[in-house]
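Pasted below: upload.txt, compact mmCIF, C-alpha atoms.
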```
# COMPACT_ATOMS: atom_id res chain seq x y z
CA MET G 1 -52.00 -67.76 98.62
CA ASN G 2 -55.37 -69.50 98.40
CA ARG G 3 -55.81 -70.69 101.98
CA ALA G 4 -58.20 -68.92 104.34
CA LEU G 5 -57.09 -66.38 106.88
CA THR G 6 -56.82 -67.80 110.41
CA MET G 7 -56.45 -66.32 113.86
CA HIS G 8 -52.92 -67.67 114.01
CA ASP G 9 -52.02 -65.64 110.90
CA LEU G 10 -53.37 -62.48 112.49
CA MET G 11 -51.47 -63.11 115.70
CA VAL G 12 -48.21 -63.70 113.84
CA ALA G 13 -48.71 -60.57 111.70
CA GLY G 14 -49.56 -58.50 114.75
CA ALA G 15 -46.48 -59.79 116.53
CA TRP G 16 -44.26 -58.78 113.61
CA VAL G 17 -45.79 -55.29 113.48
CA ALA G 18 -45.42 -54.87 117.25
CA ALA G 19 -41.85 -56.13 117.14
CA GLY G 20 -41.04 -53.65 114.39
CA ALA G 21 -42.61 -50.76 116.31
CA VAL G 22 -40.77 -51.68 119.54
CA ALA G 23 -37.47 -52.08 117.69
CA ALA G 24 -37.95 -48.73 115.93
CA LEU G 25 -38.67 -46.98 119.23
CA ALA G 26 -35.69 -48.63 120.93
CA LEU G 27 -33.37 -47.68 118.07
CA ARG G 28 -34.62 -44.10 118.12
CA VAL G 29 -33.88 -43.83 121.85
CA ALA G 30 -30.46 -45.42 121.36
CA LEU G 31 -29.60 -43.09 118.48
CA ARG G 32 -30.69 -40.10 120.56
CA TRP G 33 -28.32 -41.20 123.32
CA ILE G 34 -25.53 -41.66 120.78
CA GLY G 35 -26.31 -38.23 119.33
CA GLU G 36 -25.92 -36.59 122.73
CA ARG G 37 -22.49 -38.19 123.08
CA ALA G 38 -21.58 -37.18 119.53
CA THR G 39 -22.24 -33.51 120.26
CA ARG G 40 -19.44 -33.56 122.83
CA THR G 41 -16.80 -34.44 120.24
CA ARG G 42 -14.93 -31.90 118.11
CA TRP G 43 -15.70 -33.66 114.85
CA ASP G 44 -18.99 -32.64 113.25
CA GLY G 45 -19.16 -35.71 111.02
CA ASP G 46 -20.47 -38.00 113.74
CA ASP G 47 -23.33 -35.57 114.48
CA ILE G 48 -24.31 -35.55 110.81
CA VAL G 49 -24.24 -39.35 110.51
CA VAL G 50 -26.25 -39.91 113.68
CA THR G 51 -28.86 -37.35 112.59
CA ALA G 52 -29.25 -39.11 109.24
CA LEU G 53 -29.55 -42.52 110.92
CA ARG G 54 -32.23 -41.22 113.27
CA THR G 55 -34.28 -40.37 110.19
CA ALA G 56 -33.82 -43.57 108.17
CA VAL G 57 -33.29 -46.45 110.62
CA PRO G 58 -36.64 -46.34 112.56
CA TRP G 59 -38.62 -46.21 109.32
CA ALA G 60 -36.58 -49.04 107.85
CA VAL G 61 -37.28 -51.21 110.92
CA LEU G 62 -41.00 -50.39 110.75
CA ALA G 63 -41.05 -51.33 107.07
CA ALA G 64 -39.24 -54.59 107.83
CA GLY G 65 -41.82 -55.47 110.48
CA ALA G 66 -44.69 -54.67 108.10
CA TRP G 67 -43.06 -56.75 105.35
CA ALA G 68 -42.72 -59.74 107.69
CA ALA G 69 -46.35 -59.31 108.78
CA ALA G 70 -47.51 -59.23 105.14
CA ALA G 71 -45.48 -62.36 104.40
CA ALA G 72 -47.24 -64.18 107.23
CA LEU G 73 -50.70 -63.41 105.84
CA PRO G 74 -52.37 -65.42 103.02
CA LEU G 75 -52.58 -62.44 100.64
CA GLN G 76 -53.41 -62.60 96.99
CA HIS G 77 -50.59 -62.06 94.50
CA ALA G 78 -51.80 -58.61 93.42
CA VAL G 79 -52.26 -57.43 97.01
CA ASP G 80 -48.90 -58.84 98.06
CA ARG G 81 -47.20 -57.07 95.15
CA THR G 82 -48.86 -53.76 96.07
CA VAL G 83 -47.82 -54.07 99.71
CA ASN G 84 -44.23 -54.79 98.70
CA GLN G 85 -44.18 -51.76 96.39
CA VAL G 86 -45.53 -49.51 99.15
CA LEU G 87 -42.93 -50.75 101.61
CA VAL G 88 -40.11 -50.31 99.10
CA ALA G 89 -41.36 -46.81 98.33
CA LEU G 90 -41.36 -46.04 102.06
CA LEU G 91 -37.76 -47.25 102.35
CA ILE G 92 -36.65 -45.22 99.33
CA LEU G 93 -38.38 -42.11 100.69
CA ALA G 94 -36.79 -42.49 104.13
CA ALA G 95 -33.36 -43.11 102.60
CA SER G 96 -33.73 -40.07 100.32
CA VAL G 97 -34.69 -37.78 103.19
CA ALA G 98 -31.80 -39.09 105.32
CA ALA G 99 -29.32 -38.70 102.46
CA ALA G 100 -30.55 -35.18 101.71
CA ARG G 101 -30.20 -34.19 105.34
CA MET G 102 -26.72 -35.70 105.62
CA VAL G 103 -25.45 -34.04 102.42
CA ALA G 104 -27.00 -30.67 103.32
CA GLU G 105 -25.52 -30.71 106.82
CA THR G 106 -22.14 -31.67 105.38
CA VAL G 107 -22.25 -28.68 103.03
CA ARG G 108 -23.29 -26.42 105.92
CA SER G 109 -20.45 -27.71 108.10
CA VAL G 110 -17.89 -27.14 105.35
CA ALA G 111 -19.19 -23.61 104.74
CA GLN G 112 -19.00 -22.75 108.44
CA SER G 113 -15.51 -24.20 108.84
CA ARG G 114 -14.20 -22.18 105.90
CA SER G 115 -15.82 -18.91 107.01
CA GLY G 116 -14.52 -19.35 110.56
CA VAL G 117 -17.65 -17.91 112.15
CA ALA G 118 -21.12 -19.02 113.10
CA ALA G 119 -22.47 -18.16 109.69
CA SER G 120 -24.18 -20.08 106.91
CA ALA G 121 -24.64 -20.13 103.16
CA THR G 122 -28.07 -21.73 102.81
CA ILE G 123 -28.10 -21.32 99.03
CA PHE G 124 -25.71 -24.27 98.59
CA VAL G 125 -27.45 -26.19 101.38
CA ASN G 126 -30.84 -25.82 99.70
CA ILE G 127 -29.49 -26.66 96.24
CA THR G 128 -27.87 -29.89 97.44
CA ARG G 129 -30.96 -30.87 99.44
CA VAL G 130 -33.27 -30.36 96.46
CA ALA G 131 -30.90 -32.23 94.13
CA VAL G 132 -30.72 -35.29 96.41
CA LEU G 133 -34.49 -35.32 96.96
CA ALA G 134 -35.07 -35.01 93.21
CA MET G 135 -32.86 -38.03 92.53
CA GLY G 136 -34.64 -39.97 95.24
CA GLY G 137 -38.00 -39.05 93.70
CA LEU G 138 -36.89 -40.29 90.28
CA VAL G 139 -35.72 -43.58 91.77
CA LEU G 140 -39.04 -43.91 93.59
CA LEU G 141 -41.07 -43.35 90.43
CA GLN G 142 -38.94 -45.82 88.49
CA THR G 143 -39.38 -48.41 91.27
CA LEU G 144 -43.16 -47.98 91.15
CA GLY G 145 -43.10 -48.65 87.42
CA ILE G 146 -43.73 -45.06 86.35
CA SER G 147 -41.61 -43.98 83.38
CA VAL G 148 -39.65 -40.83 84.15
CA ALA G 149 -38.75 -40.03 80.52
CA PRO G 150 -42.09 -38.30 79.70
CA LEU G 151 -41.87 -36.41 82.99
CA ILE G 152 -38.37 -35.14 82.19
CA THR G 153 -39.53 -34.14 78.71
CA ALA G 154 -42.49 -32.25 80.12
CA LEU G 155 -40.26 -30.47 82.62
CA GLY G 156 -37.90 -29.47 79.81
CA VAL G 157 -40.73 -27.98 77.76
CA GLY G 158 -42.27 -26.20 80.71
CA GLY G 159 -38.93 -24.98 81.98
CA LEU G 160 -38.99 -22.01 79.58
CA ALA G 161 -42.32 -20.79 80.94
CA VAL G 162 -41.13 -21.24 84.50
CA ALA G 163 -37.90 -19.36 83.75
CA LEU G 164 -39.83 -16.42 82.30
CA ALA G 165 -42.19 -16.30 85.27
CA LEU G 166 -39.38 -16.53 87.81
CA GLN G 167 -36.70 -14.49 86.07
CA ASP G 168 -36.14 -12.20 89.09
CA THR G 169 -35.87 -15.16 91.42
CA LEU G 170 -33.52 -17.00 89.09
CA ALA G 171 -31.39 -13.85 88.65
CA ASN G 172 -30.97 -13.64 92.43
CA LEU G 173 -30.27 -17.37 92.63
CA PHE G 174 -27.46 -17.30 90.07
CA ALA G 175 -26.13 -14.04 91.49
CA GLY G 176 -25.86 -15.69 94.91
CA VAL G 177 -24.07 -18.69 93.42
CA HIS G 178 -21.69 -16.34 91.62
CA ILE G 179 -20.95 -14.35 94.78
CA LEU G 180 -20.08 -17.48 96.76
CA ALA G 181 -18.18 -19.14 93.92
CA SER G 182 -16.03 -16.04 93.30
CA LYS G 183 -15.39 -15.71 97.07
CA THR G 184 -15.71 -11.93 96.90
CA VAL G 185 -18.16 -12.01 99.81
CA GLN G 186 -18.43 -14.87 102.29
CA PRO G 187 -20.62 -15.37 105.37
CA GLY G 188 -18.92 -13.66 108.31
CA ASP G 189 -17.31 -10.87 106.26
CA TYR G 190 -17.87 -7.21 107.14
CA ILE G 191 -18.88 -5.28 104.03
CA ARG G 192 -19.92 -1.74 103.15
CA LEU G 193 -21.86 -0.94 99.99
CA SER G 194 -21.54 2.26 98.00
CA SER G 195 -25.16 3.03 98.92
CA GLY G 196 -24.19 3.13 102.62
CA GLU G 197 -25.40 -0.22 103.95
CA GLU G 198 -22.79 -2.05 106.01
CA GLY G 199 -22.50 -4.92 108.46
CA TYR G 200 -21.57 -8.58 108.89
CA VAL G 201 -22.81 -11.02 106.26
CA VAL G 202 -24.98 -13.49 108.18
CA ASP G 203 -26.34 -15.63 105.37
CA ILE G 204 -26.53 -15.85 101.58
CA ASN G 205 -29.65 -17.75 100.57
CA TRP G 206 -31.34 -18.44 97.25
CA ARG G 207 -32.77 -14.91 96.98
CA ASN G 208 -31.25 -12.49 99.51
CA THR G 209 -28.08 -11.70 101.40
CA VAL G 210 -28.70 -10.98 105.07
CA VAL G 211 -26.39 -8.39 106.65
CA ARG G 212 -26.33 -7.71 110.40
CA GLN G 213 -25.42 -4.16 111.35
CA LEU G 214 -23.44 -3.30 114.47
CA SER G 215 -26.73 -2.17 116.02
CA ASP G 216 -28.02 -5.77 115.55
CA ASN G 217 -30.49 -4.73 112.84
CA LEU G 218 -30.77 -6.90 109.75
CA VAL G 219 -30.44 -5.49 106.24
CA ILE G 220 -31.90 -7.66 103.46
CA ILE G 221 -30.11 -7.15 100.12
CA PRO G 222 -31.19 -8.95 96.93
CA ASN G 223 -28.32 -11.01 95.55
CA ALA G 224 -28.53 -9.33 92.15
CA LYS G 225 -28.17 -5.89 93.79
CA LEU G 226 -25.16 -7.05 95.80
CA ALA G 227 -23.49 -8.60 92.75
CA GLY G 228 -23.81 -5.32 90.84
CA ALA G 229 -22.90 -2.97 93.70
CA ILE G 230 -19.55 -1.39 94.55
CA ALA G 231 -18.69 -2.95 97.89
CA THR G 232 -15.77 -2.79 100.31
CA ASN G 233 -14.93 -6.06 102.08
CA TYR G 234 -13.08 -5.32 105.33
CA HIS G 235 -12.20 -9.00 105.82
CA GLN G 236 -10.38 -9.39 102.51
CA PRO G 237 -7.57 -10.15 101.92
CA GLU G 238 -7.29 -10.43 105.74
CA GLN G 239 -9.31 -9.44 108.78
CA GLN G 240 -6.64 -7.21 110.32
CA MET G 241 -6.86 -3.58 109.27
CA SER G 242 -5.03 -0.33 109.91
CA LEU G 243 -6.71 2.28 112.09
CA ILE G 244 -5.84 5.98 111.69
CA VAL G 245 -6.65 8.22 114.67
CA PRO G 246 -6.33 11.98 114.07
CA ALA G 247 -4.92 14.19 116.90
CA GLY G 248 -3.19 17.52 117.44
CA VAL G 249 -1.05 19.47 119.94
CA GLY G 250 -0.21 23.12 120.50
CA TYR G 251 2.66 24.91 118.76
CA GLY G 252 4.61 25.30 121.99
CA ASN G 253 5.22 21.57 122.45
CA ASP G 254 8.37 19.64 121.61
CA LEU G 255 7.28 17.43 118.71
CA GLU G 256 9.94 14.81 119.42
CA HIS G 257 8.56 14.48 122.95
CA VAL G 258 5.02 14.35 121.62
CA GLU G 259 5.91 11.61 119.15
CA ARG G 260 7.73 9.52 121.76
CA VAL G 261 4.90 9.73 124.32
CA THR G 262 2.20 9.01 121.71
CA VAL G 263 4.02 5.93 120.38
CA GLU G 264 4.45 4.60 123.93
CA VAL G 265 0.73 4.97 124.67
CA ALA G 266 -0.19 3.38 121.34
CA GLY G 267 2.10 0.41 122.04
CA GLU G 268 0.46 -0.12 125.44
CA VAL G 269 -2.96 -0.13 123.78
CA MET G 270 -1.85 -2.59 121.09
CA ALA G 271 -0.47 -5.00 123.70
CA GLY G 272 -3.04 -4.63 126.46
CA VAL G 273 -6.44 -4.05 124.84
CA GLU G 274 -8.53 -6.82 123.30
CA GLY G 275 -8.66 -6.40 119.55
CA GLY G 276 -5.21 -4.86 119.24
CA VAL G 277 -2.31 -6.39 117.31
CA PRO G 278 0.69 -6.66 119.68
CA ALA G 279 3.16 -7.23 116.83
CA HIS G 280 2.21 -3.93 115.18
CA GLU G 281 4.57 -0.98 115.67
CA PRO G 282 2.48 2.22 115.97
CA ALA G 283 3.57 5.28 114.03
CA VAL G 284 2.97 9.06 114.29
CA ARG G 285 2.83 11.20 111.15
CA PHE G 286 2.64 15.01 111.45
CA HIS G 287 0.96 16.53 108.42
CA THR G 288 -0.57 20.03 108.90
CA PHE G 289 0.12 23.39 110.56
CA GLY G 290 -3.43 24.12 111.67
CA GLU G 291 -4.97 27.41 112.85
CA SER G 292 -4.21 26.68 116.49
CA ARG G 293 -2.33 23.37 116.58
CA ILE G 294 -0.12 20.95 114.70
CA ASP G 295 -2.19 18.06 113.38
CA PHE G 296 -0.96 14.49 113.08
CA ASN G 297 -2.24 10.95 112.60
CA VAL G 298 -1.56 7.93 114.79
CA ILE G 299 -1.47 4.65 112.86
CA LEU G 300 -2.75 1.68 114.88
CA ARG G 301 -3.89 -1.78 113.86
CA THR G 302 -6.90 -3.81 114.90
CA SER G 303 -7.59 -7.52 114.53
CA GLU G 304 -11.05 -7.03 113.08
CA TYR G 305 -13.27 -4.19 111.86
CA GLY G 306 -15.65 -4.23 114.81
CA GLU G 307 -12.78 -3.94 117.33
CA GLN G 308 -11.70 -0.50 116.10
CA TYR G 309 -14.14 1.30 118.38
CA ARG G 310 -12.73 -0.28 121.53
CA ILE G 311 -9.16 0.43 120.39
CA LYS G 312 -9.91 4.08 119.62
CA HIS G 313 -11.80 4.51 122.89
CA GLU G 314 -8.99 3.19 125.06
CA PHE G 315 -6.28 5.00 123.09
CA LEU G 316 -7.88 8.44 123.42
CA LYS G 317 -8.46 8.00 127.15
CA ARG G 318 -4.91 6.89 127.86
CA LEU G 319 -3.38 9.50 125.54
CA HIS G 320 -5.29 12.35 127.19
CA ARG G 321 -4.21 11.23 130.66
CA ARG G 322 -0.59 10.81 129.57
CA TYR G 323 -0.50 14.25 127.92
CA GLN G 324 -1.66 15.80 131.17
CA GLU G 325 1.06 13.97 133.11
CA GLU G 326 3.75 15.01 130.60
CA GLY G 327 2.61 18.63 130.40
CA ILE G 328 1.78 18.40 126.69
CA GLU G 329 -0.75 21.06 125.74
CA ILE G 330 -3.79 20.38 123.61
CA SER G 331 -4.58 23.93 122.48
CA TYR G 332 -8.01 25.42 121.96
CA PRO G 333 -9.01 27.14 118.73
CA THR G 334 -8.10 30.89 118.80
CA ARG G 335 -8.89 33.83 116.51
CA THR G 336 -8.30 37.61 116.30
CA VAL G 337 -11.44 39.78 116.24
CA MET G 338 -11.33 43.31 114.64
CA LEU G 339 -13.98 45.81 115.77
CA ARG G 340 -14.72 49.00 113.81
CA GLN G 341 -16.39 51.93 115.59
CA GLU G 342 -18.09 54.65 113.56
CA GLU G 343 -19.39 57.99 114.85
CA SER G 344 -21.36 60.57 112.88
CA GLY G 345 -19.20 63.52 111.86
CA LYS G 346 -16.02 61.92 113.10
CA GLY G 347 -13.49 59.59 111.72
CA THR G 348 -13.43 55.92 112.26
CA ALA G 349 -11.23 53.96 114.56
CA GLU G 350 -10.25 50.34 114.49
CA VAL G 351 -9.55 48.50 117.69
CA ALA G 352 -7.70 45.23 117.55
CA LEU G 353 -8.61 43.04 120.46
CA PRO G 354 -6.11 40.51 121.71
CA ARG G 355 -6.43 36.91 120.56
CA GLN G 356 -9.40 35.35 122.28
CA ARG G 357 -9.88 31.80 123.27
CA ASP G 358 -13.08 29.82 123.72
CA THR G 359 -14.90 30.40 126.98
CA THR G 360 -14.49 26.77 128.01
CA GLN G 361 -11.16 25.60 129.34
CA ALA G 362 -10.26 22.25 130.79
CA PRO G 363 -8.47 22.31 134.17
CA GLY G 364 -4.69 22.09 133.97
CA GLN G 365 -4.46 23.14 130.29
CA ARG G 366 -2.95 26.41 129.00
CA ILE G 367 -3.43 28.29 125.80
```

Representation of the structure as structure tokens:
Amino acid sequence: MNRALTMHDLMVAGAWVAAGAVAALALRVALRWIGERATRTRWDGDDIVVTALRTAVPWAVLAAGAWAAAAALPLQHAVDRTVNQVLVALLILAASVAAARMVAETVRSVAQSRSGVAASATIFVNITRVAVLAMGGLVLLQTLGISVAPLITALGVGGLAVALALQDTLANLFAGVHILASKTVQPGDYIRLSSGEEGYVVDINWRNTVVRQLSDNLVIIPNAKLAGAIATNYHQPEQQMSLIVPAGVGYGNDLEHVERVTVEVAGEVMAGVEGGVPAHEPAVRFHTFGESRIDFNVILRTSEYGEQYRIKHEFLKRLHRRYQEEGIEISYPTRTVMLRQEESGKGTAEVALPRQRDTTQAPGQRI
């Protein structure tokens, strides 16, 4: 435009900018209110969509107000073209950020729903976010008139140098992708490595696997180390696992009675203690004639690895109380001690003492 700038033009432009700012603020408040309602639903998709809209819509409204203000001003052709390019770039940037956030949150939601726990696999989340932002950046450069072909060529040539400099990081990155793709270890699984580290897998990111021990300490394991380690996954092929509790009774007990009482107590624990598997039928297996008792194993089942400690705790308490009520003896270790007495000029004599028991004895128990 060749006409001079007037006060009316400035007022109209200012009105458009103010209208855009007010509309952006109002939409942000409205989307926040909608987001609070969306969090109360069971579907996570509405939360993801509202979060993405809260990022893109206010900026789009601001850009629309600025574009209308620029159209109302008598700008030169070059200036008007520059303003339009800046506004389009702003819209593309806002849309790219919103799309990256929406795709990343979708991947995170899918990962959490498949693992069944409040866990995450940020390696896939970060990869998808970077990929979407990279595509948005290429579209932005192309819109601004910058050729992306030389840039892609330069990245291809420099990629070799970057790969050599970041070979450890890339090894951990691809190892993490391999671990998740093979589904040998997933967030939420309880694992134990051959080196002794064990715990729940909290997160698998682009470099490390984070494992939370039962003591709530975090163990950071490089993905390449985890991929090459011998590991036991206690959640595969299912979370339920058998629990073997060793026990023993004295030789004077009726083993049929012992087996019947032990199975009854184990069944009560399976049905009444959190973490037990009510459908499991406990079993008793005698296996060894020990020095002072007959040893056996009680086979229980727990719903998850971390529940085994509660199951074992309750089972031992109830079994001990029931044995006392039934008169079943839990014998103490005994041994025969031979003493040899020597006197100068005389023969030797051996005295065999009777079988001795330990000095400690629980009330109500017999040897």

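For Ile328 in chain G, the set of protein, DNA and RNA residues having any atom at most 10 Å away, when counting all atoms listed in the file and skipping those fewer than 3 positions along the same chain, is G:Val249, G:Gly250, G:Gly252, G:Asn253, G:Asp254, G:Leu255, G:His257, G:Val258, G:Val261, G:His320, G:Arg322, G:Tyr323, G:Gln324, G:Glu325, G:Ser331, G:Gln365, G:Arg366.
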
Neighbour residues at most 12 Å from (-48.8, -65.7, 112.9) (all atoms listed in the file) as a tab-separated table (two decimals) with C-alpha atoms, in the frame of the given file:
```tsv
chain	number	residue	atom	x	y	z
G	5	LEU	CA	-57.09	-66.38	106.88
G	6	THR	CA	-56.82	-67.80	110.41
G	7	MET	CA	-56.45	-66.32	113.86
G	8	HIS	CA	-52.92	-67.67	114.01
G	9	ASP	CA	-52.02	-65.64	110.90
G	10	LEU	CA	-53.37	-62.48	112.49
G	11	MET	CA	-51.47	-63.11	115.70
G	12	VAL	CA	-48.21	-63.70	113.84
G	13	ALA	CA	-48.71	-60.57	111.70
G	14	GLY	CA	-49.56	-58.50	114.75
G	15	ALA	CA	-46.48	-59.79	116.53
G	16	TRP	CA	-44.26	-58.78	113.61
G	17	VAL	CA	-45.79	-55.29	113.48
G	68	ALA	CA	-42.72	-59.74	107.69
G	69	ALA	CA	-46.35	-59.31	108.78
G	70	ALA	CA	-47.51	-59.23	105.14
G	71	ALA	CA	-45.48	-62.36	104.40
G	72	ALA	CA	-47.24	-64.18	107.23
G	73	LEU	CA	-50.70	-63.41	105.84
G	74	PRO	CA	-52.37	-65.42	103.02
```

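In this model, the gap between CA of Leu140 in chain G and CA of Ala99 in chain G comes to 14.2 Å.
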
Original post:
Quick one, how far is CA of His77 in chain G from CA of Ala64 in chain G?
Top reply: 19.0 Å

Original post:
Quick one, how far is CA of Ile311 in chain G from CA of Val245 in chain G?
Top reply: 10.0 Å

Original post:
From the set G:Ser109, G:Glu314, G:Phe296, G:Pro278, which residue has the shortest atom-to-atom contact distance to Asp44 in chain G, counting all atoms listed in the file?
Top reply: G:Ser109

Subject >> Trp59 in chain G surroundings by only C-alpha atoms, 10 Å radius, close-in-sequence under 6 positions cut, as a list in words >> reply: Gly20, Ala21, Ala24, Leu25, Arg28, Leu53, Gly65, Leu87, Leu90, Leu91, Leu93, Ala94 and Ala95 of chain G
